[in-house]
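Student: Sending over start32.txt (compact mmCIF, C-alpha atoms).
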# COMPACT_ATOMS: atom_id res chain seq x y z
CA MET A 1 44.83 -38.34 75.47
CA HIS A 2 41.60 -39.58 73.88
CA PHE A 3 40.99 -38.31 70.34
CA ASP A 4 37.31 -38.14 69.42
CA LEU A 5 37.03 -37.76 65.64
CA THR A 6 33.27 -37.20 65.77
CA GLU A 7 33.56 -34.28 68.17
CA TRP A 8 36.30 -32.61 66.14
CA LEU A 9 34.28 -33.14 62.96
CA ASN A 10 31.26 -31.63 64.70
CA LEU A 11 33.33 -28.60 65.72
CA ALA A 12 34.82 -28.11 62.25
CA ILE A 13 31.47 -28.31 60.47
CA ARG A 14 29.76 -26.09 63.04
CA TRP A 15 32.51 -23.49 62.71
CA LEU A 16 32.10 -23.54 58.93
CA HIS A 17 28.33 -23.26 59.35
CA VAL A 18 28.57 -20.20 61.58
CA THR A 19 31.23 -18.52 59.40
CA ALA A 20 29.27 -19.07 56.18
CA ALA A 21 26.02 -17.98 57.83
CA VAL A 22 27.57 -14.73 59.07
CA ALA A 23 28.85 -13.99 55.56
CA TRP A 24 25.48 -14.80 53.98
CA ILE A 25 23.42 -12.86 56.50
CA GLY A 26 25.76 -9.88 56.32
CA GLY A 27 25.50 -9.77 52.53
CA SER A 28 21.73 -10.17 52.63
CA PHE A 29 21.25 -7.41 55.17
CA HIS A 30 23.62 -5.13 53.26
CA PHE A 31 21.91 -5.51 49.89
CA ILE A 32 18.36 -5.27 51.27
CA GLY A 33 19.35 -2.17 53.22
CA LEU A 34 21.02 -0.72 50.13
CA ASP A 35 17.99 -1.45 47.95
CA LEU A 36 15.63 0.20 50.43
CA ARG A 37 17.84 3.29 50.76
CA LEU A 38 18.07 3.95 47.03
CA LYS A 39 16.97 7.38 45.88
CA LYS A 40 15.97 8.32 42.36
CA PRO A 41 18.90 10.17 40.76
CA ARG A 42 18.47 13.72 39.60
CA PRO A 43 17.95 14.06 35.82
CA GLY A 44 21.18 14.01 33.89
CA THR A 45 23.34 12.87 36.83
CA ALA A 46 23.31 9.12 36.21
CA PRO A 47 23.74 6.77 33.24
CA GLU A 48 20.66 5.68 31.33
CA GLY A 49 18.85 2.79 33.01
CA VAL A 50 19.84 3.72 36.57
CA THR A 51 16.70 3.79 38.71
CA GLY A 52 18.26 4.42 42.10
CA GLU A 53 21.49 5.39 43.80
CA ASP A 54 22.92 5.61 47.30
CA TRP A 55 25.90 7.35 48.85
CA ALA A 56 27.50 5.85 51.93
CA VAL A 57 30.62 6.30 54.04
CA HIS A 58 32.44 3.40 55.68
CA GLY A 59 35.97 2.63 56.79
CA GLY A 60 37.22 6.09 55.92
CA GLY A 61 35.97 6.03 52.34
CA PHE A 62 32.92 7.07 50.34
CA TYR A 63 30.87 4.65 48.24
CA HIS A 64 28.49 5.45 45.41
CA SER A 65 26.11 2.60 44.48
CA GLN A 66 23.80 2.66 41.47
CA LYS A 67 21.08 0.18 40.58
CA TYR A 68 19.90 -0.76 37.10
CA GLN A 69 16.34 -2.02 37.25
CA THR A 70 16.94 -4.48 34.41
CA ALA A 71 20.61 -4.35 33.38
CA PRO A 72 23.25 -1.95 32.01
CA GLU A 73 23.70 -1.65 28.27
CA ALA A 74 26.99 -3.50 28.46
CA LEU A 75 28.33 -5.88 31.06
CA PRO A 76 31.35 -4.75 33.09
CA GLU A 77 34.55 -6.79 32.85
CA VAL A 78 34.27 -7.93 36.49
CA LEU A 79 30.87 -8.97 37.87
CA HIS A 80 30.63 -10.21 41.46
CA TRP A 81 28.16 -12.94 42.34
CA THR A 82 26.85 -13.66 45.84
CA LYS A 83 25.98 -17.34 46.19
CA TRP A 84 28.67 -19.49 47.76
CA GLU A 85 27.97 -18.15 51.26
CA SER A 86 24.42 -19.50 51.09
CA TYR A 87 25.47 -22.83 49.59
CA PHE A 88 28.09 -23.49 52.24
CA THR A 89 25.69 -22.44 55.00
CA TRP A 90 23.17 -25.05 53.89
CA LEU A 91 25.70 -27.79 53.14
CA SER A 92 27.38 -27.41 56.52
CA GLY A 93 24.02 -27.12 58.31
CA PHE A 94 22.68 -30.25 56.63
CA SER A 95 25.92 -32.07 57.46
CA LEU A 96 25.43 -31.19 61.13
CA LEU A 97 21.82 -32.35 60.92
CA VAL A 98 23.00 -35.73 59.63
CA LEU A 99 25.95 -36.04 62.01
CA VAL A 100 24.08 -35.09 65.19
CA TYR A 101 20.38 -35.71 64.68
CA TYR A 102 20.27 -38.54 62.14
CA VAL A 103 23.33 -40.57 63.10
CA GLY A 104 22.39 -39.96 66.74
CA ALA A 105 18.63 -40.09 66.18
CA ARG A 106 18.02 -42.38 69.15
CA ASN A 107 19.53 -39.84 71.54
CA PHE A 108 18.78 -36.50 69.89
CA LEU A 109 15.60 -36.94 67.86
CA VAL A 110 13.44 -39.87 68.94
CA ASP A 111 11.14 -39.54 71.95
CA PRO A 112 9.67 -42.97 72.78
CA ALA A 113 6.96 -41.35 74.90
CA LYS A 114 5.62 -39.58 71.81
CA ALA A 115 6.10 -42.07 68.99
CA ALA A 116 7.66 -45.52 68.60
CA LEU A 117 10.11 -44.54 65.86
CA SER A 118 13.33 -46.18 64.86
CA GLY A 119 16.31 -44.00 64.02
CA GLU A 120 15.72 -44.74 60.34
CA ASP A 121 12.05 -43.78 60.58
CA ALA A 122 12.91 -40.48 62.27
CA THR A 123 15.54 -39.71 59.64
CA ILE A 124 13.13 -40.35 56.77
CA ILE A 125 10.46 -38.16 58.38
CA GLY A 126 12.97 -35.38 59.06
CA MET A 127 14.36 -35.32 55.52
CA SER A 128 10.85 -35.57 54.06
CA ALA A 129 9.88 -32.51 56.10
CA LEU A 130 12.68 -30.49 54.47
CA ILE A 131 11.58 -31.51 50.98
CA ALA A 132 7.89 -30.91 51.72
CA GLY A 133 8.67 -27.49 53.18
CA TRP A 134 10.59 -26.34 50.09
CA LEU A 135 7.95 -27.66 47.67
CA PHE A 136 5.10 -26.01 49.57
CA TYR A 137 6.88 -22.66 49.79
CA HIS A 138 8.12 -22.68 46.18
CA LEU A 139 4.75 -23.65 44.72
CA ALA A 140 3.00 -21.06 46.90
CA CYS A 141 5.33 -18.38 45.51
CA LYS A 142 4.53 -19.52 41.97
CA SER A 143 0.78 -19.53 42.66
CA PRO A 144 -1.54 -16.48 42.82
CA LEU A 145 -0.60 -16.25 46.51
CA GLY A 146 2.81 -14.99 45.41
CA ARG A 147 1.29 -11.77 44.09
CA ASP A 148 0.91 -10.43 47.63
CA ASN A 149 3.83 -10.91 50.02
CA ARG A 150 1.62 -10.33 53.05
CA VAL A 151 -0.86 -13.05 52.13
CA LEU A 152 1.98 -15.38 51.18
CA GLY A 153 3.69 -14.67 54.50
CA VAL A 154 0.56 -15.61 56.46
CA VAL A 155 0.16 -18.86 54.52
CA TRP A 156 3.85 -19.78 54.93
CA PHE A 157 3.70 -19.02 58.64
CA ALA A 158 0.59 -21.20 59.03
CA PHE A 159 2.36 -24.05 57.24
CA LEU A 160 5.42 -23.76 59.49
CA LEU A 161 3.21 -23.64 62.59
CA GLY A 162 1.44 -26.81 61.47
CA MET A 163 4.78 -28.50 60.82
CA ALA A 164 6.04 -27.44 64.26
CA ILE A 165 2.99 -28.96 65.95
CA PHE A 166 3.33 -32.18 63.92
CA LEU A 167 7.07 -32.60 64.47
CA ASN A 168 6.76 -31.82 68.17
CA ALA A 169 4.17 -34.59 68.41
CA ILE A 170 6.63 -37.24 67.17
CA PHE A 171 10.14 -35.88 67.91
CA ASN A 172 11.66 -34.55 71.09
CA ALA A 173 11.10 -30.81 71.32
CA ARG A 174 14.69 -29.81 70.60
CA GLY A 175 14.77 -31.98 67.48
CA ALA A 176 11.45 -30.50 66.34
CA TYR A 177 12.79 -26.96 66.78
CA LEU A 178 15.91 -27.78 64.82
CA HIS A 179 13.90 -29.19 61.93
CA ILE A 180 11.74 -26.08 61.63
CA GLY A 181 14.95 -24.08 61.36
CA ALA A 182 16.21 -26.52 58.73
CA ILE A 183 12.95 -26.22 56.76
CA VAL A 184 13.21 -22.43 56.71
CA GLY A 185 16.94 -22.55 55.92
CA THR A 186 16.27 -24.95 53.05
CA ALA A 187 13.65 -22.57 51.64
CA MET A 188 16.14 -19.71 51.88
CA VAL A 189 18.97 -21.49 50.07
CA GLY A 190 16.43 -22.91 47.61
CA ASN A 191 15.55 -19.33 46.74
CA VAL A 192 19.18 -18.65 45.92
CA PHE A 193 19.92 -21.90 44.09
CA PHE A 194 16.67 -22.36 42.14
CA VAL A 195 15.49 -18.78 41.55
CA ILE A 196 17.88 -15.91 42.27
CA ILE A 197 21.07 -17.24 40.66
CA PRO A 198 19.32 -18.87 37.63
CA ASN A 199 17.41 -15.66 36.96
CA GLN A 200 20.62 -13.66 37.15
CA ARG A 201 22.29 -16.09 34.76
CA LYS A 202 19.43 -15.62 32.28
CA VAL A 203 19.84 -11.85 32.48
CA VAL A 204 23.58 -12.11 31.85
CA ALA A 205 23.02 -14.53 28.95
CA ALA A 206 20.51 -12.16 27.38
CA LEU A 207 22.93 -9.25 27.62
CA LYS A 208 25.74 -11.25 26.06
CA ALA A 209 23.39 -12.17 23.22
CA GLY A 210 22.52 -8.51 22.68
CA GLU A 211 18.94 -9.02 23.86
CA GLN A 212 16.84 -7.10 26.36
CA PRO A 213 16.46 -9.15 29.59
CA ASP A 214 12.98 -9.95 30.88
CA PRO A 215 12.30 -7.56 33.81
CA LYS A 216 10.18 -10.27 35.49
CA LEU A 217 13.37 -12.19 36.21
CA GLY A 218 14.71 -9.41 38.38
CA LEU A 219 11.40 -8.86 40.14
CA GLU A 220 11.10 -12.54 41.03
CA ALA A 221 14.66 -12.66 42.33
CA LYS A 222 14.07 -9.52 44.39
CA GLN A 223 10.93 -11.02 45.94
CA ARG A 224 12.77 -14.16 47.03
CA SER A 225 15.65 -12.08 48.38
CA LEU A 226 13.19 -10.05 50.45
CA HIS A 227 11.62 -13.25 51.78
CA ASN A 228 15.06 -14.47 52.86
CA ASN A 229 15.63 -11.19 54.63
CA TYR A 230 12.54 -11.67 56.81
CA MET A 231 13.23 -15.35 57.51
CA THR A 232 16.77 -14.75 58.75
CA LEU A 233 16.14 -13.75 62.38
CA PRO A 234 13.73 -16.62 63.17
CA VAL A 235 16.35 -19.07 61.85
CA LEU A 236 19.05 -17.43 63.97
CA PHE A 237 16.85 -17.79 67.04
CA ILE A 238 16.40 -21.50 66.34
CA MET A 239 20.18 -21.89 65.92
CA ILE A 240 20.77 -20.66 69.49
CA SER A 241 17.57 -21.98 71.09
CA HIS A 242 19.12 -25.26 72.25
CA HIS A 243 21.01 -23.20 74.86
CA TYR A 244 17.67 -22.10 76.37
CA PRO A 245 15.56 -25.10 77.42
CA MET A 246 12.74 -22.90 78.73
CA THR A 247 11.82 -22.32 75.06
CA TYR A 248 11.65 -25.83 73.64
CA GLY A 249 10.98 -27.25 77.12
CA ALA A 250 7.68 -25.37 77.43
CA GLU A 251 4.42 -27.30 77.50
CA ARG A 252 3.64 -25.96 74.02
CA PRO A 253 7.09 -25.35 72.50
CA TRP A 254 5.59 -24.73 69.07
CA LEU A 255 3.73 -21.72 70.50
CA VAL A 256 6.91 -20.26 71.98
CA LEU A 257 8.61 -20.82 68.63
CA ALA A 258 5.77 -19.09 66.79
CA LEU A 259 5.79 -16.07 69.11
CA LEU A 260 9.56 -15.60 69.06
CA GLY A 261 9.66 -16.24 65.30
CA LEU A 262 7.11 -13.50 64.76
CA THR A 263 9.15 -11.26 67.05
CA GLY A 264 12.15 -11.79 64.77
CA VAL A 265 10.08 -10.91 61.70
CA ALA A 266 8.81 -7.76 63.43
CA VAL A 267 12.34 -6.71 64.43
CA ARG A 268 13.55 -7.20 60.85
CA HIS A 269 10.62 -5.09 59.63
CA VAL A 270 11.67 -2.28 61.98
CA PHE A 271 15.11 -2.18 60.38
CA ASN A 272 13.65 -2.27 56.88
CA LEU A 273 11.37 0.65 57.70
CA ARG A 274 14.33 2.60 59.03
CA HIS A 275 16.17 2.03 55.76
CA ILE A 276 13.42 3.75 53.81
CA GLY A 277 13.01 6.50 56.39
CA ALA A 278 9.48 5.48 57.40
CA LYS A 279 7.94 5.71 60.87
CA THR A 280 8.96 2.75 63.00
CA GLY A 281 6.91 3.40 66.14
CA PRO A 282 4.07 0.92 65.44
CA ALA A 283 6.49 -1.78 64.25
CA ILE A 284 8.66 -1.37 67.35
CA ALA A 285 5.56 -1.56 69.56
CA LEU A 286 4.52 -4.78 67.82
CA ALA A 287 7.98 -6.34 68.23
CA VAL A 288 8.09 -5.43 71.93
CA ALA A 289 4.55 -6.72 72.48
CA LEU A 290 5.36 -10.06 70.84
CA ALA A 291 8.52 -10.40 72.93
CA LEU A 292 6.62 -9.62 76.13
CA VAL A 293 3.87 -12.09 75.26
CA SER A 294 6.51 -14.79 74.66
CA VAL A 295 8.26 -14.17 77.97
CA THR A 296 4.97 -13.88 79.85
CA TYR A 297 3.67 -17.13 78.40
CA VAL A 298 6.77 -19.10 79.35
CA SER A 299 6.94 -17.52 82.83
CA PHE A 300 3.21 -17.98 83.51
CA GLU A 301 3.33 -21.60 82.40
CA LYS A 302 6.21 -22.39 84.73
CA ALA A 303 4.65 -20.44 87.57
CA GLY A 304 1.48 -22.48 87.15
CA ALA A 305 3.26 -25.83 87.14
CA ALA A 306 2.57 -28.33 89.87
CA PRO A 307 4.78 -27.65 92.91
CA ALA A 308 7.39 -30.16 93.90
CA ALA A 309 6.33 -32.69 96.51
CA ALA A 310 7.04 -31.37 99.98
CA SER A 311 9.45 -34.05 101.23
CA PRO A 312 11.29 -32.52 104.22
CA GLY A 313 14.79 -33.48 105.22
CA LEU A 314 15.99 -34.67 101.82
CA THR A 315 19.72 -35.26 101.39
CA TYR A 316 21.94 -36.22 98.48
CA ALA A 317 21.57 -39.84 99.54
CA ASN A 318 17.85 -39.61 98.66
CA VAL A 319 18.42 -38.32 95.12
CA ALA A 320 21.71 -40.04 94.25
CA PRO A 321 19.88 -43.16 92.99
CA ILE A 322 17.91 -40.96 90.58
CA PHE A 323 21.10 -39.57 89.07
CA ALA A 324 22.63 -43.05 88.91
CA LYS A 325 19.61 -44.58 87.19
CA ARG A 326 18.48 -41.75 84.93
CA CYS A 327 21.46 -39.50 84.24
CA GLN A 328 24.87 -41.09 84.65
CA SER A 329 24.75 -43.23 81.51
CA CYS A 330 25.58 -39.96 79.71
CA HIS A 331 26.67 -37.57 82.45
CA SER A 332 29.62 -39.34 84.08
CA GLU A 333 33.35 -39.30 83.65
CA HIS A 334 33.09 -42.41 81.48
CA PRO A 335 29.60 -42.54 79.93
CA THR A 336 28.13 -45.95 79.14
CA ASN A 337 25.95 -44.46 76.39
CA PRO A 338 27.98 -45.10 73.20
CA ALA A 339 26.81 -41.78 71.73
CA PHE A 340 28.89 -39.84 74.26
CA PRO A 341 32.61 -40.52 74.65
CA ALA A 342 32.66 -37.75 77.27
CA PRO A 343 29.95 -36.15 79.42
CA PRO A 344 27.86 -33.74 77.26
CA LEU A 345 28.83 -30.10 77.78
CA GLY A 346 31.33 -31.32 80.37
CA VAL A 347 28.53 -31.91 82.89
CA ALA A 348 29.15 -34.96 85.10
CA LEU A 349 26.51 -35.99 87.64
CA ASP A 350 28.38 -38.78 89.36
CA SER A 351 29.22 -37.12 92.68
CA TYR A 352 27.72 -34.63 95.10
CA ASP A 353 30.25 -31.93 94.21
CA HIS A 354 29.56 -32.30 90.48
CA VAL A 355 25.80 -32.26 90.98
CA HIS A 356 25.81 -29.36 93.45
CA ALA A 357 27.74 -27.20 90.97
CA VAL A 358 24.93 -27.39 88.38
CA THR A 359 21.74 -27.57 90.42
CA ASP A 360 20.30 -24.50 88.68
CA ARG A 361 20.82 -26.16 85.31
CA ILE A 362 19.34 -29.43 86.55
CA LYS A 363 16.26 -27.57 87.74
CA ARG A 364 15.77 -25.93 84.33
CA VAL A 365 16.09 -29.07 82.23
CA ALA A 366 14.84 -31.88 84.48
CA VAL A 367 12.43 -30.26 86.95
CA ASP A 368 10.89 -27.18 85.33
CA SER A 369 10.82 -29.07 82.03
CA ASP A 370 11.34 -32.62 80.80
CA VAL A 371 14.10 -31.70 78.35
CA MET A 372 16.48 -34.09 80.12
CA PRO A 373 17.09 -36.95 79.86
CA LEU A 374 17.06 -36.56 76.06
CA GLY A 375 13.92 -38.22 74.76
CA ASN A 376 13.54 -39.50 78.34
CA LEU A 377 15.30 -42.68 77.19
CA THR A 378 16.01 -43.66 80.79
CA GLY A 379 12.38 -43.20 81.83
CA MET A 380 12.60 -40.53 84.53
CA THR A 381 9.21 -40.28 86.26
CA ASP A 382 7.30 -37.19 87.34
CA GLY A 383 7.77 -38.30 90.95
CA GLU A 384 11.53 -38.37 90.50
CA ARG A 385 11.47 -34.91 88.97
CA GLN A 386 9.48 -33.64 91.95
CA GLU A 387 11.95 -35.28 94.32
CA LEU A 388 14.85 -33.53 92.61
CA GLY A 389 12.96 -30.24 92.69
CA ALA A 390 12.22 -30.56 96.39
CA TRP A 391 15.85 -31.40 97.18
CA ILE A 392 17.11 -28.41 95.20
CA ALA A 393 14.47 -26.15 96.81
CA GLN A 394 15.80 -27.19 100.21
CA GLY A 395 19.27 -25.98 99.24
CA ALA A 396 20.59 -29.25 97.80
CA PRO A 397 21.94 -30.48 101.19
CA LYS A 398 24.61 -33.11 101.37
Let me see the file written as structure tokens.
Tutor:
Amino acid sequence: MHFDLTEWLNLAIRWLHVTAAVAWIGGSFHFIGLDLRLKKPRPGTAPEGVTGEDWAVHGGGFYHSQKYQTAPEALPEVLHWTKWESYFTWLSGFSLLVLVYYVGARNFLVDPAKAALSGEDATIIGMSALIAGWLFYHLACKSPLGRDNRVLGVVWFAFLLGMAIFLNAIFNARGAYLHIGAIVGTAMVGNVFFVIIPNQRKVVAALKAGEQPDPKLGLEAKQRSLHNNYMTLPVLFIMISHHYPMTYGAERPWLVLALLGLTGVAVRHVFNLRHIGAKTGPAIALAVALALVSVTYVSFEKAGAAPAAASPGLTYANVAPIFAKRCQSCHSEHPTNPAFPAPPLGVALDSYDHVHAVTDRIKRVAVDSDVMPLGNLTGMTDGERQELGAWIAQGAPK
């Protein structure tokens, strides 16, 4: 039995990434929801300094949460910190980025038809994008723009849209999508590592020294936490988007990303409004409208694509050379591409039976879009894509 260390390492890191992300997202959603549900306590019913409280029932028990706007007069003996979930999410995510997209840049990141980049060039650009994204976001928060979350949100969205267009112009679309998610994820963990936790440490240090903590520290941490809350769903979409090539395989994948990202923000806003008991009708309408626009755009674009060449009487013998020349270096029982010790996703295209079993998938990634071959390294032509489409349209006869 062949043991592929890289694949097992990929699985282990990805599992850690998903586990840590679930823990981080769950904690974030819980605390934002709790903060928005807080009600001002009745006079004389809460300790001095408590500005809000919430009662909840879960798992057969009742919970009473109280929030101090600055800090309690004395620290409790046990104080829980929420940070490691975010750190491990980023560390595991960045490790996957290196393992898959940087080590395998030639197959998963570079698109020779867009830019003549070496694997090293692509890696430098990708890592520079993460750093540039964090610096832009952090400095924008520190600037006068940070005084209004709505204005800051528009500016940050415009920056991400510009980065998506730029990265899509030099990387393959899937790699560009992944890097936008990594930029946003880096900003989120940067908020925790550089702002939220340090500010909390300063508050704790002030209390231990018998001093009154600066309330601005808490307000800044709360702002960054709220930002993370709104960025979560767009990042989750990007994490699963590689399963749906009609998104990054669109003619303008950055536009699909923008529309679905905004949909995620709108959905998150609906939940936040529900937490405070506000009307959600307009926010729901906006989220639904954005989702419909996204689906309509992708569907309309594909419907308007050039039809496959009408070549009657095609058989597998006509298209088999296309699979042999363009696909089988990766998708065969024993791939010749050194990046793949086994056919990706278990898809082999080296016989009629194997091909016939996945014709719908082939149509999505190689006919309706140019997602495959990755980066079009084997140089599949538009004519070959049309030939495949015509053969599939005729029922994929043998």
Student: Please determine, counting all atoms listed in the file, which residue among A:Glu220, A:Pro341, A:Met372, A:Ala287 has the shortest atom-to-atom distance to Asp4 of chain A.
Tutor: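 Using all atoms listed in the file, Asp4 of chain A sits closest to A:Pro341.
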Student: Give one line per residue of segment 156-210 of chain A that approaches segment 256-280 of chain A to at most 9 Å, naming the two atoms of the closest pair and their distance in Å to one decimal, counting all atoms listed in the file; sort by chain then ascending residue number and deliver it as a tab-separated table.
Tutor:
residue	atom	partner	partner_atom	distance
A:Phe157	CA	A:Ala258	CA	8.4
A:Leu160	CA	A:Ala258	CA	8.7
A:Leu161	CA	A:Ala258	CA	6.7
A:Ala164	CA	A:Leu257	CA	8.3
A:Tyr177	CA	A:Leu257	CA	7.7
Student: In Å, rounded to a single decimal, give me how far atom CA of Asn337 of chain A is from atom CA of Gly181 of chain A.
Tutor: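 Separation between atom CA of Gly181 of chain A and atom CA of Asn337 of chain A: 27.6 Å.
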Student: Rank nothing, just name the residue among A:Thr247, A:Thr336, A:Asn318, A:Thr19 nearest to Arg364 of chain A, using all atoms listed in the file.
Tutor: A:Thr247
Student: Within 8 Å of segment 202-207 of chain A, which residues of segment 12-101 of chain A come that close, and what is the closest atom pair and distance in Å for each? Count all atoms listed in the file and give it as a tab-separated table.
Tutor:
residue	atom	partner	partner_atom	distance
A:Ala71	CA	A:Val203	CA	7.6
A:Glu73	CA	A:Leu207	CA	7.7
A:Ala74	CA	A:Leu207	CA	7.1
A:Leu75	CA	A:Leu207	CA	7.2
Student: Using only C-alpha atoms, can you tell me which of A:Ala317, A:Ala173, A:Ile196, A:Ala158 comes closest to Pro245 of chain A?
Tutor: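 Smallest distance to Pro245 of chain A is found for A:Ala173.
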Student: Quick one: distance from atom CA of Ala221 of chain A to atom CA of Trp81 of chain A in Å, one decimal?
Tutor: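 Taking atom CA of Ala221 of chain A and atom CA of Trp81 of chain A, their separation equals 13.5 Å.
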Student: Let me have the centre and edge lengths of the axis-aligned box enclosing all listed atoms of segment 42-52 of chain A with 4 Å padding on every side, in Å to one decimal, as JSON.
Tutor:
{"center_x": 20.2, "center_y": 8.4, "center_z": 36.7, "size_x": 15.0, "size_y": 19.3, "size_z": 18.8}
Student: Between atom CA of Ala187 of chain A and atom CA of Leu152 of chain A, what is the distance in Å, rounded to a tenth?
Tutor: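 It comes out at 13.7 Å.
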Student: Please determine, counting all atoms listed in the file, which residue among A:Ser28, A:Thr82, A:Asn172, A:Thr89 has the shortest atom-to-atom distance to Val371 of chain A.
Tutor: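 Ranked by minimum distance to Val371 of chain A, first place goes to A:Asn172.
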Student: Can you work out which one of A:His334, A:Arg14, A:Arg252, A:His64 has the shortest atom-to-atom distance to Leu96 of chain A, counting all atoms listed in the file?
Tutor: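 The answer is A:Arg14, which sits nearest to Leu96 of chain A.
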Student: Using only C-alpha atoms, list the residues that have an atom at most 12 Å from (12.7, -34.7, 82.7), coordinates as in the file, as a ChimeraX atom specification.
Tutor: /A:111,113,172,245,249-250,322-323,326-327,362-389
